[in-house]
Structures are given as C-alpha cells and as structure tokens.
$ cat input.txt   # compact mmCIF, C-alpha atoms
# COMPACT_ATOMS: atom_id res chain seq x y z
CA MET A 435 76.17 -90.77 -31.93
CA GLU A 436 75.17 -90.36 -35.56
CA ARG A 437 75.74 -86.84 -36.76
CA ARG A 438 72.63 -85.25 -38.24
CA ASN A 439 72.73 -83.45 -41.56
CA LEU A 440 71.98 -79.75 -41.01
CA PHE A 441 71.48 -79.07 -44.69
CA GLY A 442 67.74 -78.62 -45.20
CA PHE A 443 67.02 -77.12 -41.78
CA ASP A 444 65.26 -73.76 -41.99
CA GLU A 445 66.19 -70.75 -39.88
CA VAL A 446 63.71 -71.54 -37.11
CA ALA A 447 65.02 -75.10 -36.77
CA LEU A 448 68.65 -73.94 -36.80
CA ARG A 449 67.98 -71.38 -34.08
CA ALA A 450 66.32 -74.10 -31.99
CA GLU A 451 69.30 -76.44 -32.48
CA CYS A 452 71.70 -73.71 -31.37
CA ALA A 453 69.57 -72.94 -28.32
CA ALA A 454 69.58 -76.64 -27.39
CA MET A 455 73.40 -76.51 -27.48
CA GLY A 456 73.40 -73.56 -25.10
CA LEU A 457 74.29 -71.08 -27.84
CA GLU A 458 72.60 -67.77 -28.49
CA PRO A 459 69.74 -68.32 -30.97
CA TYR A 460 71.20 -65.75 -33.35
CA ARG A 461 73.90 -68.30 -34.07
CA GLY A 462 71.22 -70.25 -35.95
CA THR A 463 70.71 -67.30 -38.26
CA GLN A 464 74.44 -67.22 -38.90
CA LEU A 465 74.40 -70.94 -39.66
CA PHE A 466 71.55 -70.41 -42.09
CA SER A 467 73.59 -67.84 -44.02
CA TRP A 468 76.66 -70.09 -44.15
CA LEU A 469 74.60 -73.03 -45.41
CA TYR A 470 72.49 -71.33 -48.06
CA ASN A 471 74.12 -68.02 -48.92
CA HIS A 472 77.75 -69.12 -48.86
CA GLY A 473 76.97 -72.76 -49.63
CA THR A 474 79.65 -74.02 -47.26
CA ASP A 475 79.91 -77.66 -46.19
CA ASP A 476 82.75 -77.10 -43.70
CA PHE A 477 82.18 -75.85 -40.16
CA ASP A 478 85.79 -74.63 -40.02
CA ALA A 479 84.96 -72.12 -42.75
CA MET A 480 82.44 -70.39 -40.46
CA THR A 481 84.86 -67.76 -39.27
CA ASP A 482 82.37 -65.77 -37.19
CA PHE A 483 82.00 -68.76 -34.82
CA PRO A 484 84.59 -69.38 -32.09
CA LYS A 485 86.79 -72.42 -32.74
CA THR A 486 85.27 -74.26 -29.78
CA VAL A 487 81.76 -73.78 -31.18
CA ARG A 488 82.86 -74.94 -34.63
CA ALA A 489 84.35 -78.08 -33.09
CA SER A 490 81.18 -78.71 -31.10
CA LEU A 491 79.02 -78.32 -34.20
CA ALA A 492 81.25 -80.72 -36.15
CA ARG A 493 80.91 -83.36 -33.43
CA ARG A 494 77.12 -83.17 -33.49
CA TYR A 495 76.30 -82.42 -37.12
CA ARG A 496 77.41 -82.76 -40.71
CA ILE A 497 76.68 -80.74 -43.85
CA ALA A 498 75.89 -82.85 -46.89
CA HIS A 499 74.15 -82.00 -50.12
CA PRO A 500 73.97 -83.76 -53.48
CA HIS A 501 77.13 -83.87 -55.55
CA VAL A 502 77.49 -83.96 -59.30
CA ALA A 503 77.94 -87.51 -60.61
CA GLY A 504 77.69 -86.47 -64.25
CA GLU A 505 77.10 -83.48 -66.49
CA ARG A 506 76.18 -83.01 -70.14
CA ARG A 507 76.24 -79.78 -72.13
CA SER A 508 73.97 -78.97 -75.03
CA ARG A 509 74.82 -77.08 -78.18
CA ASP A 510 72.35 -74.42 -77.06
CA GLY A 511 74.10 -73.85 -73.71
CA THR A 512 71.79 -76.00 -71.58
CA ARG A 513 73.56 -78.00 -68.86
CA LYS A 514 72.13 -81.18 -67.35
CA PHE A 515 73.45 -82.45 -64.02
CA VAL A 516 73.08 -85.92 -62.54
CA PHE A 517 73.11 -85.53 -58.76
CA GLU A 518 74.05 -88.41 -56.52
CA LEU A 519 72.27 -88.46 -53.16
CA GLU A 520 73.74 -89.83 -49.95
CA ASP A 521 72.05 -93.21 -50.35
CA GLY A 522 73.38 -93.63 -53.89
CA LEU A 523 70.14 -92.73 -55.66
CA ALA A 524 70.23 -90.16 -58.46
CA VAL A 525 68.15 -87.29 -59.81
CA GLU A 526 68.67 -84.76 -62.56
CA ALA A 527 68.48 -80.97 -62.72
CA VAL A 528 68.83 -78.73 -65.77
CA LEU A 529 70.22 -75.20 -66.22
CA ILE A 530 68.48 -73.52 -69.14
CA PRO A 531 69.72 -70.21 -70.61
CA SER A 532 67.38 -67.88 -72.47
CA GLU A 533 68.16 -65.72 -75.45
CA ALA A 534 70.69 -63.00 -74.63
CA GLY A 535 68.97 -59.81 -73.60
CA GLU A 536 65.72 -61.52 -72.69
CA GLY A 537 64.78 -60.85 -69.09
CA GLY A 538 67.70 -58.51 -68.45
CA LEU A 539 71.42 -58.37 -69.07
CA GLY A 540 72.61 -61.73 -70.28
CA GLY A 541 69.08 -63.14 -70.30
CA ARG A 542 67.44 -65.51 -67.85
CA LEU A 543 69.12 -68.59 -66.44
CA THR A 544 66.48 -71.05 -65.28
CA LEU A 545 67.10 -74.06 -63.05
CA CYS A 546 64.72 -77.02 -63.37
CA LEU A 547 64.66 -78.95 -60.07
CA SER A 548 63.62 -82.52 -59.23
CA THR A 549 61.49 -83.41 -56.20
CA GLN A 550 61.34 -87.23 -56.26
CA VAL A 551 63.57 -90.12 -57.30
CA GLY A 552 61.48 -91.43 -60.16
CA CYS A 553 57.77 -90.65 -60.35
CA PRO A 554 54.69 -92.77 -59.54
CA LEU A 555 52.37 -91.05 -62.04
CA GLY A 556 53.39 -93.07 -65.10
CA CYS A 557 52.73 -90.45 -67.78
CA THR A 558 53.02 -92.32 -71.09
CA PHE A 559 55.15 -89.67 -72.81
CA CYS A 560 57.67 -89.05 -70.01
CA ALA A 561 61.07 -90.72 -69.60
CA THR A 562 60.91 -90.33 -65.82
CA ALA A 563 58.16 -92.96 -65.89
CA SER A 564 60.88 -95.49 -66.76
CA VAL A 565 62.56 -94.88 -63.38
CA LYS A 566 61.15 -96.99 -60.56
CA PRO A 567 59.66 -94.62 -57.95
CA ARG A 568 62.04 -94.80 -54.99
CA ARG A 569 61.29 -91.98 -52.58
CA ASN A 570 60.62 -88.31 -52.04
CA LEU A 571 63.53 -85.91 -51.78
CA ALA A 572 64.16 -84.15 -48.47
CA SER A 573 64.10 -80.37 -48.53
CA GLY A 574 67.89 -80.26 -48.28
CA GLU A 575 68.22 -82.52 -51.32
CA ILE A 576 66.06 -80.11 -53.31
CA VAL A 577 67.88 -77.00 -52.11
CA GLY A 578 71.19 -78.79 -52.62
CA GLN A 579 70.54 -79.02 -56.37
CA TYR A 580 70.24 -75.24 -56.41
CA ILE A 581 73.36 -74.62 -54.29
CA VAL A 582 75.55 -76.84 -56.50
CA ALA A 583 74.07 -75.53 -59.76
CA ARG A 584 74.44 -71.94 -58.56
CA SER A 585 78.14 -72.55 -57.97
CA ALA A 586 78.49 -74.12 -61.42
CA ALA A 587 76.71 -71.11 -62.94
CA GLY A 588 79.03 -68.64 -61.25
CA GLY A 589 76.40 -67.49 -58.78
CA ARG A 590 73.73 -66.40 -61.27
CA ILE A 591 70.39 -68.20 -61.41
CA THR A 592 67.42 -65.96 -62.17
CA ASN A 593 64.49 -68.40 -62.22
CA ILE A 594 63.56 -71.77 -60.72
CA VAL A 595 60.99 -74.25 -61.98
CA TYR A 596 59.95 -77.36 -60.07
CA MET A 597 59.46 -79.34 -63.28
CA GLY A 598 62.12 -82.04 -63.06
CA MET A 599 61.75 -85.64 -61.95
CA GLY A 600 58.72 -86.30 -59.74
CA GLU A 601 55.38 -84.70 -58.85
CA PRO A 602 55.95 -81.77 -56.45
CA PHE A 603 52.54 -82.02 -54.79
CA LEU A 604 53.22 -85.62 -53.75
CA ASN A 605 56.12 -84.19 -51.74
CA TYR A 606 54.37 -80.99 -50.72
CA ASP A 607 55.96 -80.23 -47.35
CA ALA A 608 59.56 -80.73 -48.45
CA VAL A 609 58.94 -78.73 -51.62
CA MET A 610 57.46 -75.79 -49.75
CA LYS A 611 60.20 -75.88 -47.12
CA SER A 612 62.74 -75.70 -49.94
CA VAL A 613 60.87 -72.72 -51.40
CA GLU A 614 61.01 -70.97 -48.03
CA ILE A 615 64.76 -71.53 -47.81
CA LEU A 616 65.43 -70.42 -51.38
CA THR A 617 63.37 -67.24 -51.02
CA HIS A 618 64.75 -66.29 -47.58
CA LYS A 619 66.50 -62.91 -47.61
CA ALA A 620 69.64 -64.44 -46.09
CA THR A 621 69.92 -66.95 -48.93
CA ARG A 622 70.08 -64.19 -51.53
CA GLY A 623 68.48 -66.69 -53.82
CA VAL A 624 65.52 -66.25 -56.17
CA GLY A 625 62.41 -64.19 -55.48
CA ALA A 626 59.09 -66.01 -55.14
CA SER A 627 57.77 -64.32 -58.29
CA ARG A 628 60.50 -66.09 -60.25
CA ILE A 629 59.71 -69.58 -58.94
CA THR A 630 57.15 -71.86 -60.59
CA ILE A 631 55.80 -75.13 -59.23
CA SER A 632 54.40 -77.44 -61.89
CA THR A 633 51.88 -80.16 -61.09
CA ALA A 634 50.25 -82.89 -63.16
CA GLY A 635 46.98 -81.76 -61.57
CA ILE A 636 46.67 -82.80 -57.92
CA PRO A 637 43.62 -80.82 -56.71
CA ASP A 638 44.42 -81.13 -52.99
CA GLY A 639 47.87 -79.67 -53.56
CA ILE A 640 46.52 -76.82 -55.69
CA ARG A 641 43.94 -75.92 -53.03
CA ARG A 642 46.44 -76.19 -50.20
CA MET A 643 48.84 -73.90 -52.03
CA ALA A 644 45.99 -71.40 -52.40
CA ASP A 645 44.92 -71.65 -48.75
CA GLU A 646 48.49 -71.09 -47.58
CA ARG A 647 48.75 -67.97 -49.75
CA ARG A 648 51.94 -69.17 -51.37
CA THR A 649 53.42 -66.45 -53.56
CA VAL A 650 55.23 -68.70 -56.03
CA LYS A 651 53.68 -69.31 -59.43
CA LEU A 652 51.54 -72.31 -60.34
CA ALA A 653 51.70 -74.29 -63.59
CA VAL A 654 49.38 -77.19 -64.35
CA SER A 655 50.12 -79.88 -66.95
CA LEU A 656 46.98 -80.11 -69.06
CA HIS A 657 48.05 -81.77 -72.34
CA ALA A 658 44.48 -82.59 -73.42
CA THR A 659 41.02 -81.06 -73.36
CA THR A 660 39.01 -84.26 -72.81
CA ASP A 661 39.17 -86.80 -70.01
CA GLU A 662 39.50 -89.64 -72.51
CA VAL A 663 42.65 -88.31 -74.18
CA ARG A 664 44.12 -86.93 -70.98
CA GLY A 665 43.62 -90.30 -69.30
CA ARG A 666 45.60 -92.00 -72.06
CA LEU A 667 48.44 -89.55 -71.67
CA MET A 668 48.38 -89.23 -67.88
CA PRO A 669 46.97 -92.07 -65.74
CA VAL A 670 46.54 -89.62 -62.83
CA ALA A 671 43.76 -87.99 -64.88
CA LYS A 672 41.63 -91.08 -64.34
CA ARG A 673 41.56 -90.29 -60.63
CA TYR A 674 41.28 -86.52 -61.03
CA PRO A 675 39.03 -85.65 -64.00
CA LEU A 676 39.37 -82.32 -65.77
CA ALA A 677 36.35 -80.83 -64.03
CA GLU A 678 37.96 -81.42 -60.64
CA VAL A 679 41.33 -80.03 -61.72
CA ILE A 680 39.75 -76.95 -63.29
CA ALA A 681 37.64 -76.32 -60.17
CA ALA A 682 40.80 -76.43 -58.04
CA VAL A 683 42.54 -74.00 -60.40
CA GLU A 684 39.57 -71.64 -60.28
CA TYR A 685 39.73 -71.78 -56.48
CA TYR A 686 43.46 -71.03 -56.61
CA VAL A 687 42.95 -68.00 -58.85
CA ARG A 688 40.21 -66.64 -56.56
CA MET A 689 42.25 -67.14 -53.39
CA ALA A 690 45.69 -66.20 -54.70
CA GLY A 691 44.64 -63.47 -57.09
CA ARG A 692 47.21 -64.68 -59.62
CA ALA A 693 47.06 -66.15 -63.08
CA VAL A 694 47.96 -69.77 -63.73
CA THR A 695 49.98 -71.36 -66.52
CA TRP A 696 48.57 -74.30 -68.43
CA GLU A 697 51.30 -76.55 -69.83
CA TYR A 698 50.26 -78.27 -73.07
CA ILE A 699 52.55 -80.74 -74.84
CA VAL A 700 51.52 -81.01 -78.48
CA PHE A 701 51.42 -84.53 -79.96
CA GLU A 702 50.86 -84.90 -83.68
CA GLY A 703 47.45 -86.38 -84.38
CA VAL A 704 46.56 -86.75 -80.70
CA ASN A 705 45.69 -83.34 -79.24
CA ASP A 706 46.38 -80.84 -82.02
CA GLY A 707 43.13 -80.79 -84.01
CA PRO A 708 40.68 -77.90 -84.55
CA GLU A 709 38.36 -79.16 -81.80
CA ASP A 710 41.28 -79.31 -79.38
CA ILE A 711 42.07 -75.70 -80.17
CA ARG A 712 38.45 -74.62 -79.65
CA ARG A 713 38.15 -76.49 -76.33
CA LEU A 714 41.50 -75.18 -75.13
CA ALA A 715 40.50 -71.60 -75.95
CA ARG A 716 37.21 -71.99 -74.04
CA LEU A 717 39.05 -73.41 -71.02
CA ALA A 718 41.63 -70.59 -71.13
CA ARG A 719 38.88 -67.98 -70.94
CA ARG A 720 37.60 -69.39 -67.64
CA VAL A 721 40.51 -68.07 -65.55
CA PRO A 722 43.34 -65.56 -66.00
CA CYS A 723 46.08 -67.65 -67.53
CA LYS A 724 48.64 -68.19 -70.20
CA ILE A 725 49.27 -71.36 -72.17
CA ASN A 726 52.71 -72.79 -72.77
CA LEU A 727 52.77 -74.94 -75.89
CA ILE A 728 55.54 -77.54 -75.79
CA PRO A 729 56.41 -79.67 -78.82
CA TYR A 730 56.65 -83.34 -77.82
CA HIS A 731 60.25 -84.40 -77.25
CA PRO A 732 60.83 -88.00 -78.33
CA ILE A 733 62.50 -90.38 -75.91
CA GLU A 734 64.69 -93.27 -76.98
CA LYS A 735 63.31 -95.76 -74.47
CA ILE A 736 59.84 -97.20 -74.93
CA VAL A 737 58.07 -95.84 -71.87
CA ARG A 738 54.58 -97.26 -71.37
CA GLY A 739 53.56 -96.70 -74.96
CA GLY A 740 55.49 -93.45 -75.40
CA HIS A 741 56.80 -94.74 -78.74
CA ARG A 742 53.35 -94.17 -80.27
CA PHE A 743 53.69 -90.41 -80.15
CA ARG A 744 55.12 -88.20 -82.88
CA SER A 745 56.48 -84.68 -82.69
CA PRO A 746 54.57 -82.05 -84.65
CA SER A 747 56.43 -79.86 -87.10
CA ARG A 748 57.53 -76.41 -85.97
CA GLU A 749 55.12 -74.92 -88.49
CA ASP A 750 52.18 -76.88 -87.07
CA VAL A 751 52.96 -75.79 -83.50
CA LEU A 752 53.17 -72.15 -84.61
CA ALA A 753 49.86 -72.50 -86.45
CA PHE A 754 48.32 -74.01 -83.29
CA ALA A 755 49.60 -71.01 -81.31
CA ALA A 756 48.31 -68.55 -83.91
CA SER A 757 44.82 -70.03 -83.73
CA LEU A 758 44.81 -69.67 -79.94
CA LYS A 759 46.01 -66.07 -80.18
CA LYS A 760 43.26 -65.32 -82.68
CA ALA A 761 40.80 -66.62 -80.07
CA GLY A 762 42.17 -64.13 -77.53
CA VAL A 763 44.40 -66.51 -75.59
CA THR A 764 47.83 -65.58 -74.22
CA VAL A 765 50.12 -68.29 -75.52
CA MET A 766 53.85 -68.97 -75.70
CA VAL A 767 55.71 -71.66 -77.61
CA ARG A 768 58.38 -73.18 -75.41
CA SER A 769 61.73 -73.93 -76.97
CA SER A 770 63.25 -77.40 -77.01
CA ALA A 771 66.34 -76.41 -75.05
CA GLY A 772 68.56 -79.34 -74.13
CA ALA A 773 66.84 -81.91 -76.35
CA ASP A 774 70.20 -83.11 -77.72
CA ILE A 775 71.32 -84.08 -74.19
CA GLU A 776 67.95 -85.48 -73.09
CA GLY A 777 67.41 -82.43 -70.93
CA ALA A 778 64.16 -81.15 -72.44
CA CYS A 779 60.66 -81.50 -71.00
CA GLY A 780 59.81 -85.14 -70.32
CA GLN A 781 63.31 -86.47 -70.99
CA LEU A 782 64.78 -86.61 -67.46
CA ALA A 783 65.50 -90.12 -66.23
CA ALA A 784 69.05 -90.15 -64.80
CA ARG A 785 69.74 -92.24 -67.88
CA GLY A 786 72.60 -94.67 -67.41
CA PHE A 787 72.05 -94.60 -63.65
CA GLY A 788 68.58 -96.20 -63.48
CA GLY A 789 67.70 -93.90 -60.60
CA HIS A 790 70.81 -94.85 -58.64
CA CYS A 791 74.55 -94.23 -58.85
CA ARG A 792 76.11 -96.98 -56.75
CA GLY A 793 74.12 -100.01 -57.83
CA GLU A 794 71.37 -101.38 -55.64
CA THR A 795 71.01 -99.60 -52.33
CA LYS A 796 69.18 -100.58 -49.20
CA PRO A 797 65.41 -100.64 -49.72
CA THR A 798 63.72 -97.25 -49.55
CA GLU A 799 60.08 -96.50 -48.99
CA ARG A 800 58.17 -96.26 -52.23
CA ASN A 801 55.44 -93.65 -52.33
CA THR A 802 52.87 -94.56 -54.96
CA SER A 803 49.99 -92.67 -53.39
CA LEU A 804 48.30 -90.04 -55.51
CA ALA A 805 47.50 -87.90 -52.48
CA PRO A 806 49.88 -85.36 -50.92
CA ILE A 807 52.02 -87.10 -48.30
CA PRO A 808 51.81 -86.13 -44.59
CA ARG A 809 53.59 -83.07 -43.34
CA GLU A 810 57.33 -83.49 -43.13
CA SER A 811 58.90 -83.70 -39.69
CA THR A 812 62.07 -81.89 -38.70
CA PRO A 813 64.84 -83.21 -40.96
CA THR A 814 67.31 -85.64 -39.45

$ encode --input "input.txt" --output "structure tokens"
Amino acid sequence: MERRNLFGFDEVALRAECAAMGLEPYRGTQLFSWLYNHGTDDFDAMTDFPKTVRASLARRYRIAHPHVAGERRSRDGTRKFVFELEDGLAVEAVLIPSEAGEGGLGGRLTLCLSTQVGCPLGCTFCATASVKPRRNLASGEIVGQYIVARSAAGGRITNIVYMGMGEPFLNYDAVMKSVEILTHKATRGVGASRITISTAGIPDGIRRMADERRTVKLAVSLHATTDEVRGRLMPVAKRYPLAEVIAAVEYYVRMAGRAVTWEYIVFEGVNDGPEDIRRLARLARRVPCKINLIPYHPIEKIVRGGHRFRSPSREDVLAFAASLKKAGVTVMVRSSAGADIEGACGQLAARGFGGHCRGETKPTERNTSLAPIPRESTPT
C-alpha cells in the first residue's frame, strides 16, 4: 500500500484520518501541531502519541515537504531558495529583510512563495515565463516552502506574499488551503493581515476571494493604464480588459471592506509618461488603495521580448512617485532587494534547473487555462 503524504492536510482532514484509524479525533489536532508548528517529518518525534500509534501512522503515511536544492544570498541580506519537489520539479522562494527597525524590532522578514511550477501567463518582462508550465503546487508544497524557510530564518517570518512563480488564482483552492494552514492558531505562523496574495488580474478569483470573505490582503498587477500597453506586457490582459479587472476590484473592496494594492512595474519609455501618471491617479481614486511602484528588474535571458525593456533611473521613479503623491495617491517605491541573486520581482525561474532538479521527470499535467481550476480534492 502506497503511503500517503500527510503534509498539506488541514486539521479537519487530519481529524478524519485519525477517526478512520480508530483513534480519538483530537489526535488529528495533535498531528496538525506537529506538522505545522514543530515542522516535524518524523512520526517517532511525536512524543505525545503512544509508540504503537506512531508505528501505525508510519505504516500508513509519510511526511514529505520540499527540500532545499540550492540557496543564494544577496549583499542586502535577501536569501533565495530553490526547492526540489518530490517529482524532481523545482520552484523558488525568497526571504526578504526590511530595514532594521521598520515594522518592529529587527524589521520585517517577508517570505515570497511560489504557487505553480512555471507560469502559463507569459508576461513579457518576467523570467518565470521562460519556465515551461508544468503543474500547480499542492497545498503542502506551498506550506512546505514556509516551514523550511522558517527553520532557515530561525523561526522568525513576519510577512508572506504569494508573489513567486505562478499565478495564485489559477491554483485557487490549494492556495487558500495553504493560507488556512498558515494562519491556524496551532501553526503559530503569520496572521492573515500580514499575508498578501498577488494576481495578474483574474476577475473570477478576485470576486471569489471577496465572496468567501477572505481576510488576507489583495494585490493586483496593473503595470499599465491602457489595454493596448497592458496587453503587450501581459497577454492575460487580452482576455481580461482593464474595465473587467477594475470592476472585480471594486466589487472586492465593497464586499471585503479593505483597500487593495496596485502593483506597477515602471518601464522606461513604456508606461512612465505624464499621461500614464494622470490615468493612474484617476484609477487610484476609484477605490481605496495604495500603489507600489517597482523599477523594472532586467533579466539575462530573452523572455518573449523582455529584452526590449529598460530600467528607469532611480530619480525618474522617485519623480513618478512624487507626481502621484501630488495628485493625492498613496504610493510606495519598492526596493530592488535580491536583484544581484535574481531574486527580485520578475526574476524567479529556478535558473539552472529549468523547472526541474533531476532532469526530465514523468509527464505532468500542464494547466494553461486562464480560469481558476476546479476545487482541490483531499490531498493524497
């Protein structure tokens, strides 16, 4: 009998598994704590279980999460991990420190998580577009990035952003299950108010998140104020025009009662002109929001025309931000943390691994749909 991987099961599922074994359901709650609070991968370490129960669990199940296949450290303290999955595929996650004293003692420590191996959206400025879309990550593979990175960080991660490889709303169920595990009181993880899910603008996902009253934050990659320019940057924009994305965001703000973040990568000569500023300011006034300005981070590989883009100067980005502030917009200029290790925004591609760690693996289902995938079944 193949042993199922328990990592990724939520508390309800773990309690049900224990009940099916003839154990008291509360044992599932204990399992949950061992998996996600202690981060154990060894049933023998679960000392509050009788030895016979531990042996029975080990016969039926296994505990497996991604392991670090590579790590790079930036001059600014950013750490990028390449995680190998059980089937040999690879994804990246990035630990990003803030300035000391910002956000509390020692500053924030933000983990950027991946949700897919590769990405089907094909954004022309993003290195992940060079990785063939392989599959969605299971909830345990998403949470596993956090568990391993938390251990590497000495137990301190203050914020999580779903902004790594992949489009979170094309893997909606697994992403939200991972959020529920990470925010569970027994995990002692990160509060929902410190978690942000970033989307390229999938209206169905935005509306579903609003309808489900999710308490995590929402960020939407905008990057342009016209459909023509946005379509050149992001092919998904040709299916979901700005009007549709903005309508979904307005719905989210009404239903959730929370502001949204617009992510805006600045490309020299593409989306940084006076008219862009005026249109962006008008859009920002439609809903409670803030705008994150991100200088374009060059990528070495030519990725679907990405070589055409140039990075603006620091002075030009600051002038762009000043103009928005003068128009009454809340705006922040994001730093380029990790750019020297290809760990900045748009640079994640498991470079050197081509999306996999052990060469070609058995074929995996490729999800190229631009609609949220069906609800995830109980993990196996």

$ closest_residue --input "input.txt" --among "A:Val721, A:Ile680, A:Ala644, A:Ser467" --to "A:Lys619" --atoms "only C-alpha atoms"
A:Ser467

$ closest_residue --input "input.txt" --among "A:Ala561, A:Leu519, A:Ala479, A:Ile530" --to "A:Arg507" --atoms "all atoms listed in the file"
A:Ile530

$ closest_residue --input "input.txt" --among "A:Gly504, A:Gly777, A:Pro722, A:Pro459" --to "A:Ala693" --atoms "all atoms listed in the file"
A:Pro722

$ residues_around --input "input.txt" --residues "stretch 571-586 of chain A" --least-positions-apart "3" --cutoff "8 Å" --atoms "all atoms listed in the file" --output "ChimeraX atom specification"
/A:441-443,470,473,499-502,517,519,527,529,545,547-551,589-591,605,608-609,611-612,615-616,813

$ residues_around --input "input.txt" --residues "stretch 704-716 of chain A" --least-positions-apart "5" --cutoff "8 Å" --atoms "all atoms listed in the file" --output "mmCIF file with C-alpha atoms, in the coordinates of the input"
data_model
loop_
_atom_site.group_PDB
_atom_site.id
_atom_site.type_symbol
_atom_site.label_atom_id
_atom_site.label_comp_id
_atom_site.auth_asym_id
_atom_site.auth_seq_id
_atom_site.Cartn_x
_atom_site.Cartn_y
_atom_site.Cartn_z
ATOM 1 C CA HIS A 657 48.050 -81.770 -72.340
ATOM 2 C CA ALA A 658 44.480 -82.590 -73.420
ATOM 3 C CA THR A 659 41.020 -81.060 -73.360
ATOM 4 C CA VAL A 663 42.650 -88.310 -74.180
ATOM 5 C CA PHE A 754 48.320 -74.010 -83.290
ATOM 6 C CA SER A 757 44.820 -70.030 -83.730
ATOM 7 C CA LEU A 758 44.810 -69.670 -79.940
ATOM 8 C CA ALA A 761 40.800 -66.620 -80.070
ATOM 9 C CA GLY A 762 42.170 -64.130 -77.530
ATOM 10 C CA VAL A 763 44.400 -66.510 -75.590
#

$ closest_residue --input "input.txt" --among "A:Cys560, A:Val765, A:Leu604, A:Leu448" --to "A:Lys724" --atoms "all atoms listed in the file"
A:Val765

$ atom_distance --input "input.txt" --atom1 "atom CA of A:Met766" --atom2 "atom CA of A:Leu727"
6.1 Å

$ atom_distance --input "input.txt" --atom1 "atom CA of A:Asp475" --atom2 "atom CA of A:Ile497"
5.0 Å

$ atom_distance --input "input.txt" --atom1 "atom CA of A:Pro637" --atom2 "atom CA of A:Val679"
5.6 Å

$ closest_residue --input "input.txt" --among "A:Val694, A:Val687, A:Ala524, A:Ala682" --to "A:Ser632" --atoms "only C-alpha atoms"
A:Val694

$ residues_near_point --input "input.txt" --point "(45.4, -74.7, -71.1)" --cutoff "8 Å" --atoms "all atoms listed in the file" --output "list in words"
Leu656, His657, Thr695, Trp696, Glu697, Tyr698, Leu714, Ala715, Leu717, Ala718, Cys723, Lys724, Ile725 and Asn726 of chain A

$ closest_residue --input "input.txt" --among "A:Arg742, A:Lys672, A:Leu457, A:Asp510" --to "A:Pro484" --atoms "all atoms listed in the file"
A:Leu457
